[in-house]
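Novice: My structure is in input_23.txt, and what it holds is compact mmCIF, C-alpha atoms and all ligand atoms:
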```
# COMPACT_ATOMS: atom_id res chain seq x y z
CA GLU A 1 -67.65 10.55 172.92
CA PRO A 2 -69.74 9.96 169.81
CA GLY A 3 -71.62 12.74 168.03
CA ASN A 4 -71.26 15.42 165.47
CA LEU A 5 -68.27 17.02 167.15
CA ALA A 6 -66.30 13.80 167.12
CA GLY A 7 -64.37 14.90 164.01
CA VAL A 8 -63.51 18.33 165.46
CA ARG A 9 -59.94 18.58 166.77
CA HIS A 10 -59.94 21.85 168.67
CA ILE A 11 -62.77 24.00 170.00
CA ILE A 12 -62.18 27.67 170.86
CA LEU A 13 -64.85 29.83 172.51
CA VAL A 14 -64.78 33.57 171.89
CA LEU A 15 -66.14 35.61 174.80
CA SER A 16 -66.61 39.29 175.59
CA GLY A 17 -68.02 41.20 178.52
CA LYS A 18 -70.25 43.34 176.39
CA GLY A 19 -71.41 43.84 172.83
CA GLY A 20 -69.72 46.01 170.25
CA VAL A 21 -66.12 45.22 171.22
CA GLY A 22 -65.54 43.25 168.05
CA LYS A 23 -66.11 39.69 169.27
CA SER A 24 -67.72 38.57 166.02
CA THR A 25 -65.09 40.35 163.98
CA ILE A 26 -62.31 38.63 165.92
CA SER A 27 -64.06 35.24 165.58
CA THR A 28 -64.18 35.77 161.84
CA GLU A 29 -60.59 37.00 161.68
CA LEU A 30 -59.43 34.00 163.69
CA ALA A 31 -61.19 31.66 161.28
CA LEU A 32 -59.52 33.41 158.34
CA ALA A 33 -56.10 33.31 159.96
CA LEU A 34 -56.43 29.58 160.65
CA ARG A 35 -57.68 29.00 157.12
CA HIS A 36 -54.60 30.82 155.86
CA GLN A 37 -52.53 28.23 157.73
CA GLY A 38 -54.29 25.53 155.77
CA LYS A 39 -56.70 24.51 158.50
CA LYS A 40 -60.30 23.48 158.10
CA VAL A 41 -62.41 25.72 160.28
CA GLY A 42 -66.01 25.81 161.44
CA ILE A 43 -67.71 28.83 162.96
CA LEU A 44 -70.60 28.24 165.33
CA ASP A 45 -72.40 31.53 165.85
CA VAL A 46 -74.59 31.22 168.93
CA ASP A 47 -74.85 34.98 169.43
CA LEU A 48 -78.62 35.06 169.81
CA CYS A 49 -78.59 38.82 170.42
CA GLY A 50 -76.99 39.74 167.14
CA PRO A 51 -75.73 37.05 164.83
CA SER A 52 -73.53 39.24 162.60
CA ILE A 53 -71.15 36.69 161.13
CA PRO A 54 -73.39 35.65 158.21
CA HIS A 55 -73.47 39.29 157.20
CA MET A 56 -69.68 39.62 157.37
CA LEU A 57 -69.13 36.51 155.31
CA HIS A 58 -71.85 37.25 152.79
CA ALA A 59 -73.86 34.25 153.85
CA GLN A 60 -76.96 35.98 155.18
CA GLY A 61 -80.20 34.47 154.06
CA LYS A 62 -78.57 31.13 153.21
CA ALA A 63 -80.81 28.17 153.88
CA VAL A 64 -79.54 25.46 156.17
CA HIS A 65 -80.66 21.96 155.41
CA GLN A 66 -81.13 18.93 157.57
CA CYS A 67 -79.47 15.66 156.73
CA ASP A 68 -79.58 12.36 158.61
CA SER A 69 -76.86 13.49 160.98
CA GLY A 70 -78.22 16.98 161.63
CA TRP A 71 -77.98 20.54 160.34
CA VAL A 72 -75.65 21.01 157.40
CA PRO A 73 -73.44 24.09 157.88
CA VAL A 74 -72.93 26.59 155.06
CA PHE A 75 -69.59 26.80 153.25
CA VAL A 76 -68.58 30.44 152.92
CA ASP A 77 -65.61 30.10 150.57
CA GLN A 78 -64.98 28.34 147.31
CA GLU A 79 -62.29 26.08 148.77
CA GLN A 80 -64.84 24.94 151.38
CA SER A 81 -62.36 25.53 154.15
CA ILE A 82 -64.70 27.58 156.33
CA SER A 83 -68.14 26.31 157.25
CA LEU A 84 -70.62 28.36 159.23
CA MET A 85 -73.65 27.61 161.33
CA SER A 86 -75.47 30.60 162.76
CA VAL A 87 -78.65 31.13 164.71
CA GLY A 88 -79.16 33.87 162.13
CA PHE A 89 -79.95 31.19 159.55
CA LEU A 90 -82.84 29.95 161.63
CA LEU A 91 -84.45 33.24 162.54
CA GLU A 92 -86.92 34.72 160.12
CA ASN A 93 -86.76 38.00 161.94
CA PRO A 94 -83.39 38.94 163.48
CA ASP A 95 -85.12 40.35 166.57
CA GLU A 96 -86.98 37.13 167.19
CA ALA A 97 -84.55 35.47 169.61
CA VAL A 98 -84.37 38.50 171.87
CA VAL A 99 -87.81 37.70 173.27
CA TRP A 100 -87.17 33.97 173.68
CA ARG A 101 -87.27 32.64 177.18
CA GLY A 102 -84.39 30.79 178.80
CA PRO A 103 -85.53 27.20 178.15
CA LYS A 104 -86.00 27.84 174.46
CA LYS A 105 -82.54 29.41 174.19
CA HIS A 106 -81.05 26.47 176.10
CA ALA A 107 -82.73 23.97 173.82
CA LEU A 108 -81.44 25.75 170.73
CA ILE A 109 -77.90 25.95 172.07
CA LYS A 110 -77.89 22.27 173.00
CA GLN A 111 -79.17 21.41 169.57
CA PHE A 112 -76.59 23.65 167.96
CA VAL A 113 -73.78 21.95 169.78
CA SER A 114 -74.96 18.41 169.18
CA ASP A 115 -76.79 18.52 165.86
CA VAL A 116 -74.53 20.25 163.33
CA ALA A 117 -72.86 17.87 160.89
CA TRP A 118 -69.38 19.47 160.86
CA GLY A 119 -67.49 16.50 159.53
CA GLU A 120 -63.71 16.77 159.98
CA LEU A 121 -62.50 20.13 161.30
CA ASP A 122 -59.17 21.31 162.66
CA TYR A 123 -60.84 24.12 164.59
CA LEU A 124 -64.32 25.08 165.64
CA VAL A 125 -64.63 28.75 166.64
CA VAL A 126 -67.68 29.38 168.83
CA ASP A 127 -68.94 32.97 168.86
CA THR A 128 -70.98 33.45 172.03
CA PRO A 129 -73.35 36.27 173.06
CA PRO A 130 -71.84 39.12 175.09
CA GLY A 131 -71.65 38.74 178.87
CA THR A 132 -71.80 35.65 181.06
CA SER A 133 -75.38 34.49 181.00
CA ASP A 134 -77.22 31.21 181.29
CA GLU A 135 -76.63 30.75 177.60
CA HIS A 136 -72.88 30.74 178.19
CA MET A 137 -73.29 28.20 180.91
CA ALA A 138 -75.40 26.06 178.57
CA THR A 139 -72.80 26.40 175.81
CA VAL A 140 -69.90 25.45 178.06
CA GLU A 141 -71.79 22.51 179.56
CA ALA A 142 -72.81 21.23 176.15
CA LEU A 143 -69.22 21.49 174.89
CA ARG A 144 -67.57 20.07 177.99
CA PRO A 145 -67.56 16.42 176.84
CA TYR A 146 -65.56 17.54 173.81
CA LYS A 147 -62.87 19.19 175.94
CA PRO A 148 -62.61 22.69 174.46
CA LEU A 149 -59.09 24.05 174.04
CA GLY A 150 -60.16 27.20 175.86
CA ALA A 151 -61.51 30.70 175.57
CA LEU A 152 -60.36 33.83 173.82
CA VAL A 153 -61.59 36.95 175.62
CA VAL A 154 -62.11 40.06 173.50
CA THR A 155 -62.10 43.55 174.94
CA THR A 156 -61.36 47.16 174.03
CA PRO A 157 -59.00 49.60 175.73
CA GLN A 158 -61.78 51.31 177.70
CA ALA A 159 -61.58 50.77 181.44
CA VAL A 160 -65.23 49.73 181.60
CA SER A 161 -64.43 46.99 179.21
CA ILE A 162 -61.47 45.88 181.33
CA GLY A 163 -63.90 45.43 184.26
CA ASP A 164 -66.01 43.28 181.98
CA VAL A 165 -62.96 41.23 181.14
CA ARG A 166 -62.41 40.44 184.79
CA ARG A 167 -65.93 39.01 184.92
CA GLU A 168 -65.21 36.89 181.86
CA LEU A 169 -61.99 35.62 183.43
CA THR A 170 -63.89 34.73 186.59
CA PHE A 171 -66.47 32.89 184.49
CA CYS A 172 -63.70 30.90 182.81
CA LYS A 173 -62.15 30.03 186.13
CA LYS A 174 -65.49 28.90 187.58
CA THR A 175 -66.34 26.76 184.59
CA GLY A 176 -62.84 25.35 184.22
CA LEU A 177 -62.32 26.92 180.81
CA GLN A 178 -58.69 27.74 180.09
CA VAL A 179 -58.09 31.32 178.95
CA ILE A 180 -55.91 30.98 175.88
CA GLY A 181 -55.76 34.70 175.15
CA VAL A 182 -57.06 38.18 175.80
CA ILE A 183 -57.45 40.28 172.67
CA GLU A 184 -57.48 44.02 173.08
CA ASN A 185 -59.34 45.00 169.96
CA MET A 186 -59.43 48.43 168.36
CA SER A 187 -56.47 49.46 170.45
CA GLY A 188 -54.86 52.68 169.33
CA PHE A 189 -51.40 51.90 170.65
CA ALA A 190 -49.39 48.99 171.99
CA CYS A 191 -50.31 48.51 175.64
CA PRO A 192 -47.29 49.69 177.71
CA HIS A 193 -48.32 48.20 181.06
CA CYS A 194 -50.18 45.10 180.24
CA ALA A 195 -52.65 43.85 182.81
CA PHE A 196 -53.07 40.39 181.34
CA GLY A 197 -49.54 39.11 180.88
CA SER A 198 -48.18 37.24 177.92
CA LYS A 199 -51.55 36.01 176.72
CA HIS A 200 -52.48 39.57 175.83
CA ARG A 201 -52.48 40.60 172.15
CA SER A 202 -53.53 43.87 170.53
CA VAL A 203 -55.49 44.29 167.33
CA PRO A 204 -55.45 47.87 166.04
CA LEU A 205 -58.47 49.80 164.94
CA ASP A 206 -58.49 49.34 161.20
CA PRO A 207 -60.44 51.98 159.24
CA GLN A 208 -60.24 49.82 156.13
CA LEU A 209 -62.02 47.03 157.96
CA THR A 210 -64.74 49.35 159.26
CA ARG A 211 -65.32 50.76 155.79
CA SER A 212 -65.39 47.34 154.20
CA LEU A 213 -68.03 46.10 156.65
CA GLU A 214 -70.09 49.25 156.37
CA GLU A 215 -70.14 48.86 152.62
CA GLY A 216 -71.13 45.24 153.01
CA ARG A 217 -68.17 43.83 151.14
CA ASP A 218 -67.20 40.19 151.44
CA PHE A 219 -64.72 39.78 154.27
CA ILE A 220 -63.04 36.73 152.77
CA GLN A 221 -62.47 38.41 149.41
CA GLU A 222 -61.20 41.53 151.07
CA PHE A 223 -58.99 40.09 153.80
CA PRO A 224 -58.24 36.48 152.91
CA LYS A 225 -55.49 36.31 155.53
CA SER A 226 -57.46 38.35 158.12
CA THR A 227 -56.37 41.88 159.01
CA ALA A 228 -54.90 40.73 162.30
CA TYR A 229 -52.91 37.67 161.27
CA SER A 230 -49.81 38.37 163.32
CA ALA A 231 -51.78 39.14 166.48
CA LEU A 232 -53.94 36.04 166.20
CA THR A 233 -51.36 33.40 165.32
P1 LIG A 301 -69.46 42.33 168.80
O1 LIG A 301 -69.50 40.98 168.16
O2 LIG A 301 -68.54 42.36 169.99
O3 LIG A 301 -70.81 42.90 169.12
P2 LIG A 301 -68.63 43.28 166.20
O4 LIG A 301 -67.62 42.27 165.82
O5 LIG A 301 -69.98 43.21 165.56
O6 LIG A 301 -68.79 43.36 167.78
O7 LIG A 301 -67.95 44.73 165.93
C1 LIG A 301 -68.60 45.95 166.24
C2 LIG A 301 -68.20 46.99 165.21
O8 LIG A 301 -66.81 47.34 165.33
C3 LIG A 301 -68.40 46.52 163.79
O9 LIG A 301 -68.97 47.58 163.05
C4 LIG A 301 -66.99 46.23 163.28
O10 LIG A 301 -66.89 46.52 161.93
C5 LIG A 301 -66.14 47.18 164.09
N1 LIG A 301 -64.80 46.64 164.35
C6 LIG A 301 -64.50 45.56 165.11
N2 LIG A 301 -63.16 45.36 165.19
C7 LIG A 301 -62.58 46.35 164.47
C8 LIG A 301 -61.20 46.72 164.17
N3 LIG A 301 -60.15 46.02 164.65
N4 LIG A 301 -61.01 47.80 163.39
C9 LIG A 301 -62.06 48.50 162.92
N5 LIG A 301 -63.34 48.24 163.15
C10 LIG A 301 -63.63 47.17 163.92
```
Step by step, read the file and then write its structure as structure tokens.
Specialist:
Amino acid sequence: EPGNLAGVRHIILVLSGKGGVGKSTISTELALALRHQGKKVGILDVDLCGPSIPHMLHAQGKAVHQCDSGWVPVFVDQEQSISLMSVGFLLENPDEAVVWRGPKKHALIKQFVSDVAWGELDYLVVDTPPGTSDEHMATVEALRPYKPLGALVVTTPQAVSIGDVRRELTFCKKTGLQVIGVIENMSGFACPHCAFGSKHRSVPLDPQLTRSLEEGRDFIQEFPKSTAYSALT
């Protein structure tokens, strides 16, 4: 299959049933953990509701350029081992996309999947919006020819969130996306009776991480190896 994803070895989608469970944080942490293993990583942030990754990686307000083969992603570290493309780069006003209608969102997602000049990557981490909407369907369909490795589902210990996870798992099953892991984020303790089997990993609530993000510090500088390395690798 030709195209701009031809040089990308593995594609991982990050899903969550609802917002605020730490999906973007885990996407970022995963990219950092893979980078620590010497991998080249791209992050595709298609979270139209709240593209927060540019903020985390101190890349907000960066301009993306077009070259002959499409959008040029932004390098977020000096070593140029993590490149980022976010809908946030294209929105003048962060609330803009919220009022977009379905077809416009679809068109943007399709373009995002096909028109970013990633070059050679070991991993592409795709941060999706919360839930299982038409946009997810569009993302999965657009990525299908490139045979994604699978999906990482992020949740929190709250029961409500577990119900949301079931919906995500159903979505994966329906769309033929392999679930490669369920991350219980901000968990206060190791889960004693795990509902999701061996694919389940816990990432503790980390006050240092919260503080760092609140103060707007650069994630990569602060946590070059990610705060959750052992859980994510
Ligand atoms: P989502 O992408 O699911 O909407 P975010 O990644 O934006 O969620 O995270 C929501 C909030 O929770 C952010 O303020 C983030 O700093 C915080 N957060 C996420 N994971 C952790 C963690 N493991 N420890 C501490 N704070 C976290």
Novice: Which of these, A:Ser52, A:Asn4, A:Ser69, A:Gln37, has the shortest distance to ligand LIG 301 (chain A) once you count only C-alpha atoms and all ligand atoms?
Specialist: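 Smallest distance to ligand LIG 301 (chain A) is found for A:Ser52.
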Novice: Give the answer as one residue: which of A:Gln221, A:Gln208, A:Thr25, A:Thr128 has the shortest atom-to-atom distance to Val76 in chain A, using all atoms listed in the file?
Specialist: A:Gln221
Novice: Which is closer to Asp134 in chain A than all the others in A:Cys67, A:Val153, A:Ala228, A:Ala107, using all atoms listed in the file?
Specialist: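 Nearest to Asp134 in chain A: A:Ala107.
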Novice: State, in Å with one decimal place, the distance from atom P2 of ligand LIG 301 (chain A) to CA of Ile220 in chain A.
Specialist: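 Taking atom P2 of ligand LIG 301 (chain A) as the start and CA of Ile220 in chain A as the end point, the length is 16.0 Å.
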Novice: CA of Arg201 in chain A and CA of Arg166 in chain A are how many Å apart?
Specialist: 16.1 Å
Novice: Kindly provide the residues of chain A that approach ligand LIG 301 (chain A) to within 8 Å, each paired with its closest atom pair and their distance in Å to one decimal, based on all atoms listed in the file, listed by chain and increasing number, as JSON lines.
Specialist:
```
{"residue": "A:Ser16", "atom": "CA", "partner": "A:LIG301", "partner_atom": "O2", "distance": 6.7}
{"residue": "A:Lys18", "atom": "CA", "partner": "A:LIG301", "partner_atom": "O2", "distance": 6.7}
{"residue": "A:Gly19", "atom": "CA", "partner": "A:LIG301", "partner_atom": "O3", "distance": 3.9}
{"residue": "A:Gly20", "atom": "CA", "partner": "A:LIG301", "partner_atom": "O3", "distance": 3.5}
{"residue": "A:Val21", "atom": "CA", "partner": "A:LIG301", "partner_atom": "O2", "distance": 3.9}
{"residue": "A:Gly22", "atom": "CA", "partner": "A:LIG301", "partner_atom": "O4", "distance": 3.2}
{"residue": "A:Lys23", "atom": "CA", "partner": "A:LIG301", "partner_atom": "O2", "distance": 3.7}
{"residue": "A:Ser24", "atom": "CA", "partner": "A:LIG301", "partner_atom": "O1", "distance": 3.7}
{"residue": "A:Thr25", "atom": "CA", "partner": "A:LIG301", "partner_atom": "O4", "distance": 3.7}
{"residue": "A:Ile26", "atom": "CA", "partner": "A:LIG301", "partner_atom": "O4", "distance": 6.4}
{"residue": "A:Ser27", "atom": "CA", "partner": "A:LIG301", "partner_atom": "O4", "distance": 7.9}
{"residue": "A:Gly50", "atom": "CA", "partner": "A:LIG301", "partner_atom": "O3", "distance": 7.2}
{"residue": "A:Ser52", "atom": "CA", "partner": "A:LIG301", "partner_atom": "O5", "distance": 6.1}
{"residue": "A:Ile53", "atom": "CA", "partner": "A:LIG301", "partner_atom": "O5", "distance": 8.0}
{"residue": "A:Pro129", "atom": "CA", "partner": "A:LIG301", "partner_atom": "O1", "distance": 7.8}
{"residue": "A:Pro130", "atom": "CA", "partner": "A:LIG301", "partner_atom": "O2", "distance": 6.9}
{"residue": "A:Val154", "atom": "CA", "partner": "A:LIG301", "partner_atom": "O2", "distance": 7.7}
{"residue": "A:Asn185", "atom": "CA", "partner": "A:LIG301", "partner_atom": "N3", "distance": 5.5}
{"residue": "A:Met186", "atom": "CA", "partner": "A:LIG301", "partner_atom": "N3", "distance": 4.5}
{"residue": "A:Ser187", "atom": "CA", "partner": "A:LIG301", "partner_atom": "N3", "distance": 7.7}
{"residue": "A:Val203", "atom": "CA", "partner": "A:LIG301", "partner_atom": "N3", "distance": 5.6}
{"residue": "A:Pro204", "atom": "CA", "partner": "A:LIG301", "partner_atom": "N3", "distance": 5.2}
{"residue": "A:Leu205", "atom": "CA", "partner": "A:LIG301", "partner_atom": "N4", "distance": 3.6}
{"residue": "A:Asp206", "atom": "CA", "partner": "A:LIG301", "partner_atom": "N4", "distance": 3.7}
{"residue": "A:Pro207", "atom": "CA", "partner": "A:LIG301", "partner_atom": "C9", "distance": 5.3}
{"residue": "A:Gln208", "atom": "CA", "partner": "A:LIG301", "partner_atom": "C9", "distance": 7.2}
{"residue": "A:Leu209", "atom": "CA", "partner": "A:LIG301", "partner_atom": "C9", "distance": 5.2}
{"residue": "A:Thr210", "atom": "CA", "partner": "A:LIG301", "partner_atom": "N5", "distance": 4.3}
{"residue": "A:Arg211", "atom": "CA", "partner": "A:LIG301", "partner_atom": "O10", "distance": 7.6}
{"residue": "A:Ser212", "atom": "CA", "partner": "A:LIG301", "partner_atom": "O10", "distance": 7.9}
{"residue": "A:Leu213", "atom": "CA", "partner": "A:LIG301", "partner_atom": "O10", "distance": 5.4}
{"residue": "A:Glu214", "atom": "CA", "partner": "A:LIG301", "partner_atom": "O10", "distance": 7.0}
{"residue": "A:Thr227", "atom": "CA", "partner": "A:LIG301", "partner_atom": "N3", "distance": 8.0}
{"residue": "A:Ala228", "atom": "CA", "partner": "A:LIG301", "partner_atom": "N3", "distance": 7.8}
```
Novice: Pick out the closest residue to Ala6 in chain A from this set: A:Thr175, A:Gln60, A:Thr156, A:Ser114. Count all atoms listed in the file.
Specialist: A:Ser114
Novice: From the list A:Leu177, A:Cys172, A:Ala63, A:Val116, which residue is nearest Lys147 in chain A when using only C-alpha atoms?
Specialist: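 Answer, going by the shortest atom-to-atom distance: A:Leu177.
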Novice: What gap, in Å, lies between CA of Pro145 in chain A and CA of Ile12 in chain A?
Specialist: 13.8 Å
Novice: Pick out the closest residue to Asp122 in chain A from this set: A:Asn93, A:Thr139, A:Ser226, A:Val41. Count only C-alpha atoms.
Specialist: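 Residue with the minimum atom-to-atom distance to Asp122 in chain A: A:Val41.
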Novice: Using only C-alpha atoms, find each residue of range 18-84 of chain A with at least one atom at most 12 Å away from an atom of range 102-106 of chain A; report its shortest atom-to-atom pair and that distance in Å (one decimal), sort the rows by chain and rising residue number, and return the result as a tab-separated table.
Specialist:
```
residue	atom	partner	partner_atom	distance
A:Val46	CA	A:Lys105	CA	9.7
A:Asp47	CA	A:Lys105	CA	10.6
A:Leu48	CA	A:Lys105	CA	8.2
A:Cys49	CA	A:Lys105	CA	10.9
```
